[in-house]
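Asks: Quick one: the structure is below, questions incoming.
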Amino acid sequence: MNTTSISDADSSAAGQPKTNVRTRMLAVVVLAVVINYLDRAILGIAAPSIRSEFGISPSEMGLVFSVFSWSYLFFQIPGGVALDRLGNRLVYSFALIGWSLFTVLQGFSGSVISFAVARLGLGFFEAPCFPANSNIVGKWFPRSERGRAIGVYTAAEYVGLGFLSPLLFLLLGNFGWRSLFLATGAIGVLIGLVMWAAYRDPYDSKSVNKAELSYIEAGGGLTTKDASGTKFSLENVRELFKHRQMWGLCIGQFSVYSTFVFFLTWFPTYLATQRHMAFIQVGIYASVPYIAGFFGILFAGFLSDYLLKRTSLNIARKLPVIVGLLLASTIFSVNFMSDNNAILAVLSLAFFGQAMSSSGWTVLSEIAPKGLLGLVGGFFSFAANLSGIVVPIAIGFIVQATGTYVGALAFIGVVAAIGAVSWIFIIGDIRVLDIKVRGAEHG
């Protein structure tokens, strides 16, 4: 533990109100998540222009969409291990600056090959982001506040495209698709420097006082380094996957992210080609489901913490995810509609549900053994981003083979329903996994 911060806290007057440093740390995470998802999502806006400039088919565009997830997926586990070994501040700051530079490189790409290589770099550096977010909340927040904290930073995923889509489409129309990548990449580098300057773990912070540390620790937060520095061990991996909770969470998270991937990649193109919307209409219509998602995850976070005070841990953490997945599965019903406003309403409801189901991140800090939160988060994110590979390619081939999005939307609806089944029947009780952690360093 940081002896300087504790001695400072001890010298404070008895009964001093606790500080609120955890909220400042959450604000830094929110900034990182906003630029994280903006950097990966602007491809959906730029896709029609990129297809035109590089002359690629729908199936080839599906491969371009998926390239990010290949490296993102592959480095989820190493990213989680790096977090457990090197800590949040170093890994997160380095990753944020790295992925922002690769975003800039996309804007300078002269061919589809160089663009795809830059997307691989983006995925590599973004890989530790969400395991780090979960890790930070697990350290800084007591159990009673984690649902809201995760709701707040997850809502940040939807800020860029929810509230900035019209602006992004105007930028695209006036300065071309490359301007999207150059502008967001430059902003990301600045946020990476903010992360390095502002973020500290509880035991390294000089701003937090003893009252807040005690409050966090009493609620299950990690205010000491006792379980940090865990070395990677295949035995830890084997032990984790002896428990059905890990399998259920991974299946569920694949389903949760599948709906999100559709909106992140093919949705603007769907509006422009299948619904035949005008350019500015696409910008306005595309933003509405993201705004619904923004409020969906906030609602789920507050609902989860509310239920935790009045029901059980199982109900509080599982019910918002299950309801969200069932709502997301309604996306297939737009196949039977012709009115654009009605379609937008259903898509917004589905995305509101998808965002609710993203609250599943709260479960990680409840089941992860001490010292393995990064590893567990890595597998959870790995499962999510496996859908980032499968879904764009599947939709691309379905659209190319059928000429419509009917089969694609049905596919997304079925996957969401499978996720609900996993959360209901496979995950079981939410509790810390009972395993002996190998490779933990104490002190």
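Chain lettering (A, B, ...) mirrors the order of the structure tokens, residue numbering begins at 1 for each chain separately, and ligand numbering begins at 1 in order of display.
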Please provide the set of residues having any atom within 8 Å of Ala47 of chain A, restricted to only C-alpha atoms, with same-chain residues fewer than 3 positions apart removed, written as a list in words.
Replies: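 Listing them by chain and then by number gives Leu43, Gly44, Ile50, Arg51, Met61 and Thr269 of chain A.
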Asks: Could those residues be written to a file, using N, CA and C atoms, as a PDB file, in the first residue's frame?
Replies:
```pdb
ATOM      1  N   LEU A  43     -15.548   3.846 -39.008  1.00  0.00           N
ATOM      2  CA  LEU A  43     -15.479   3.065 -40.239  1.00  0.00           C
ATOM      3  C   LEU A  43     -16.878   2.803 -40.787  1.00  0.00           C
ATOM      4  N   GLY A  44     -17.855   2.593 -39.880  1.00  0.00           N
ATOM      5  CA  GLY A  44     -19.223   2.380 -40.333  1.00  0.00           C
ATOM      6  C   GLY A  44     -19.754   3.566 -41.125  1.00  0.00           C
ATOM      7  N   ILE A  50     -15.362   4.473 -48.656  1.00  0.00           N
ATOM      8  CA  ILE A  50     -14.191   3.605 -48.797  1.00  0.00           C
ATOM      9  C   ILE A  50     -14.448   2.536 -49.851  1.00  0.00           C
ATOM     10  N   ARG A  51     -15.653   1.960 -49.843  1.00  0.00           N
ATOM     11  CA  ARG A  51     -16.002   0.962 -50.862  1.00  0.00           C
ATOM     12  C   ARG A  51     -15.898   1.563 -52.255  1.00  0.00           C
ATOM     13  N   MET A  61     -16.024  -5.876 -47.983  1.00  0.00           N
ATOM     14  CA  MET A  61     -16.182  -4.859 -46.945  1.00  0.00           C
ATOM     15  C   MET A  61     -16.402  -5.521 -45.594  1.00  0.00           C
ATOM     16  N   THR A 269     -24.806   1.649 -43.627  1.00  0.00           N
ATOM     17  CA  THR A 269     -24.953   1.149 -44.994  1.00  0.00           C
ATOM     18  C   THR A 269     -26.344   0.562 -45.213  1.00  0.00           C
TER      19      THR A 269
END
```
Asks: Find the spatial neighbours of Ala95 of chain A, counting only C-alpha atoms, within a cut-off of 9 Å - ignore same-chain residues fewer than 3 positions away - and output them as a PyMOL selection string.
Replies: chain A and resi 90-92+98-100+124-129+192
Asks: Considering only C-alpha atoms, return as a ChimeraX atom specification whatever protein or nucleic-acid residues lie within 8 Å of segment 153-159 of chain A, sequence-local ones (same chain, fewer than 2 positions apart) excluded.
Replies: /A:26,29-31,33-34,36-38,149-151,161-164,290-291,293-298,355,358-359
Asks: Save out the residues we just selected, N, CA and C atoms, as a compact mmCIF listing (two decimals), in the first residue's frame.
Replies:
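The new file selection07.txt reads:
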```
# COMPACT_ATOMS: atom_id res chain seq x y z
N LEU A 26 -13.05 7.54 -12.60
CA LEU A 26 -14.08 7.09 -13.54
C LEU A 26 -14.20 8.07 -14.70
N VAL A 29 -11.65 7.28 -17.25
CA VAL A 29 -12.05 6.09 -18.00
C VAL A 29 -13.10 6.44 -19.05
N VAL A 30 -14.05 7.29 -18.68
CA VAL A 30 -15.10 7.69 -19.62
C VAL A 30 -14.50 8.36 -20.85
N LEU A 31 -13.54 9.26 -20.66
CA LEU A 31 -12.88 9.89 -21.80
C LEU A 31 -12.23 8.85 -22.71
N VAL A 33 -13.03 5.68 -23.07
CA VAL A 33 -14.02 4.85 -23.75
C VAL A 33 -14.68 5.61 -24.90
N VAL A 34 -14.94 6.90 -24.70
CA VAL A 34 -15.54 7.70 -25.77
C VAL A 34 -14.66 7.64 -27.02
N ASN A 36 -12.25 5.51 -27.65
CA ASN A 36 -12.06 4.12 -28.05
C ASN A 36 -13.11 3.71 -29.06
N TYR A 37 -14.36 3.97 -28.74
CA TYR A 37 -15.43 3.53 -29.64
C TYR A 37 -15.61 4.44 -30.83
N LEU A 38 -15.26 5.69 -30.69
CA LEU A 38 -15.31 6.58 -31.85
C LEU A 38 -14.27 6.15 -32.87
N ALA A 149 -21.19 2.57 -11.89
CA ALA A 149 -19.89 2.96 -12.46
C ALA A 149 -19.68 2.33 -13.84
N ILE A 150 -19.99 1.05 -13.95
CA ILE A 150 -19.84 0.37 -15.24
C ILE A 150 -20.87 0.90 -16.24
N GLY A 151 -22.07 1.23 -15.74
CA GLY A 151 -23.07 1.83 -16.60
C GLY A 151 -22.60 3.15 -17.19
N LEU A 161 -21.16 8.26 -31.52
CA LEU A 161 -22.09 8.08 -32.62
C LEU A 161 -23.50 8.50 -32.26
N GLY A 162 -23.84 8.51 -30.96
CA GLY A 162 -25.17 8.91 -30.56
C GLY A 162 -25.39 10.41 -30.67
N PHE A 163 -24.42 11.18 -30.24
CA PHE A 163 -24.59 12.62 -30.19
C PHE A 163 -23.77 13.37 -31.25
N LEU A 164 -22.85 12.67 -31.87
CA LEU A 164 -21.99 13.35 -32.84
C LEU A 164 -22.19 12.88 -34.29
N TYR A 290 -28.16 4.93 -31.06
CA TYR A 290 -27.03 5.12 -30.14
C TYR A 290 -27.45 5.96 -28.93
N ILE A 291 -28.31 6.95 -29.16
CA ILE A 291 -28.82 7.72 -28.03
C ILE A 291 -29.66 6.81 -27.12
N GLY A 293 -29.20 3.64 -26.80
CA GLY A 293 -28.23 2.80 -26.11
C GLY A 293 -27.58 3.51 -24.94
N PHE A 294 -27.30 4.80 -25.12
CA PHE A 294 -26.70 5.60 -24.05
C PHE A 294 -27.57 5.54 -22.79
N PHE A 295 -28.87 5.71 -22.97
CA PHE A 295 -29.76 5.67 -21.80
C PHE A 295 -30.03 4.24 -21.34
N GLY A 296 -29.93 3.28 -22.27
CA GLY A 296 -30.15 1.88 -21.90
C GLY A 296 -29.13 1.37 -20.90
N ILE A 297 -27.85 1.66 -21.13
CA ILE A 297 -26.83 1.17 -20.22
C ILE A 297 -26.86 1.91 -18.89
N LEU A 298 -27.18 3.20 -18.92
CA LEU A 298 -27.31 3.94 -17.66
C LEU A 298 -28.47 3.38 -16.84
N ALA A 355 -27.73 -2.37 -25.08
CA ALA A 355 -26.96 -1.60 -24.11
C ALA A 355 -27.22 -2.08 -22.69
N SER A 358 -25.14 -4.99 -21.88
CA SER A 358 -23.72 -4.71 -21.68
C SER A 358 -23.35 -4.57 -20.22
N SER A 359 -24.34 -4.47 -19.34
CA SER A 359 -24.07 -4.38 -17.90
C SER A 359 -23.50 -5.69 -17.35
```
Asks: What is the atom CA of Ser205 of chain A-atom CA of Phe380 of chain A distance in Å, reported with one decimal?
Replies: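 Here the two named atoms are 28.2 Å from each other.
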Asks: Hey, can you check how far atom CA of Val104 of chain A sits from atom CA of Val64 of chain A?
Replies: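 Those two atoms sit 16.9 Å apart.
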Asks: Would you tabulate, counting only C-alpha atoms, all residues of segment 308-336 of chain A that have an atom at most 10 Å from an atom of segment 251-265 of chain A, showing the closest pair of atoms and their distance in Å to one decimal, sorted by chain then ascending number, as CSV?
Replies:
```
residue,atom,partner,partner_atom,distance
A:Val321,CA,A:Val256,CA,8.6
A:Ile322,CA,A:Gly252,CA,9.4
A:Gly324,CA,A:Val256,CA,8.7
A:Leu325,CA,A:Val256,CA,6.7
A:Ala328,CA,A:Thr259,CA,7.0
A:Ser329,CA,A:Thr259,CA,8.6
A:Ile331,CA,A:Thr259,CA,8.7
```
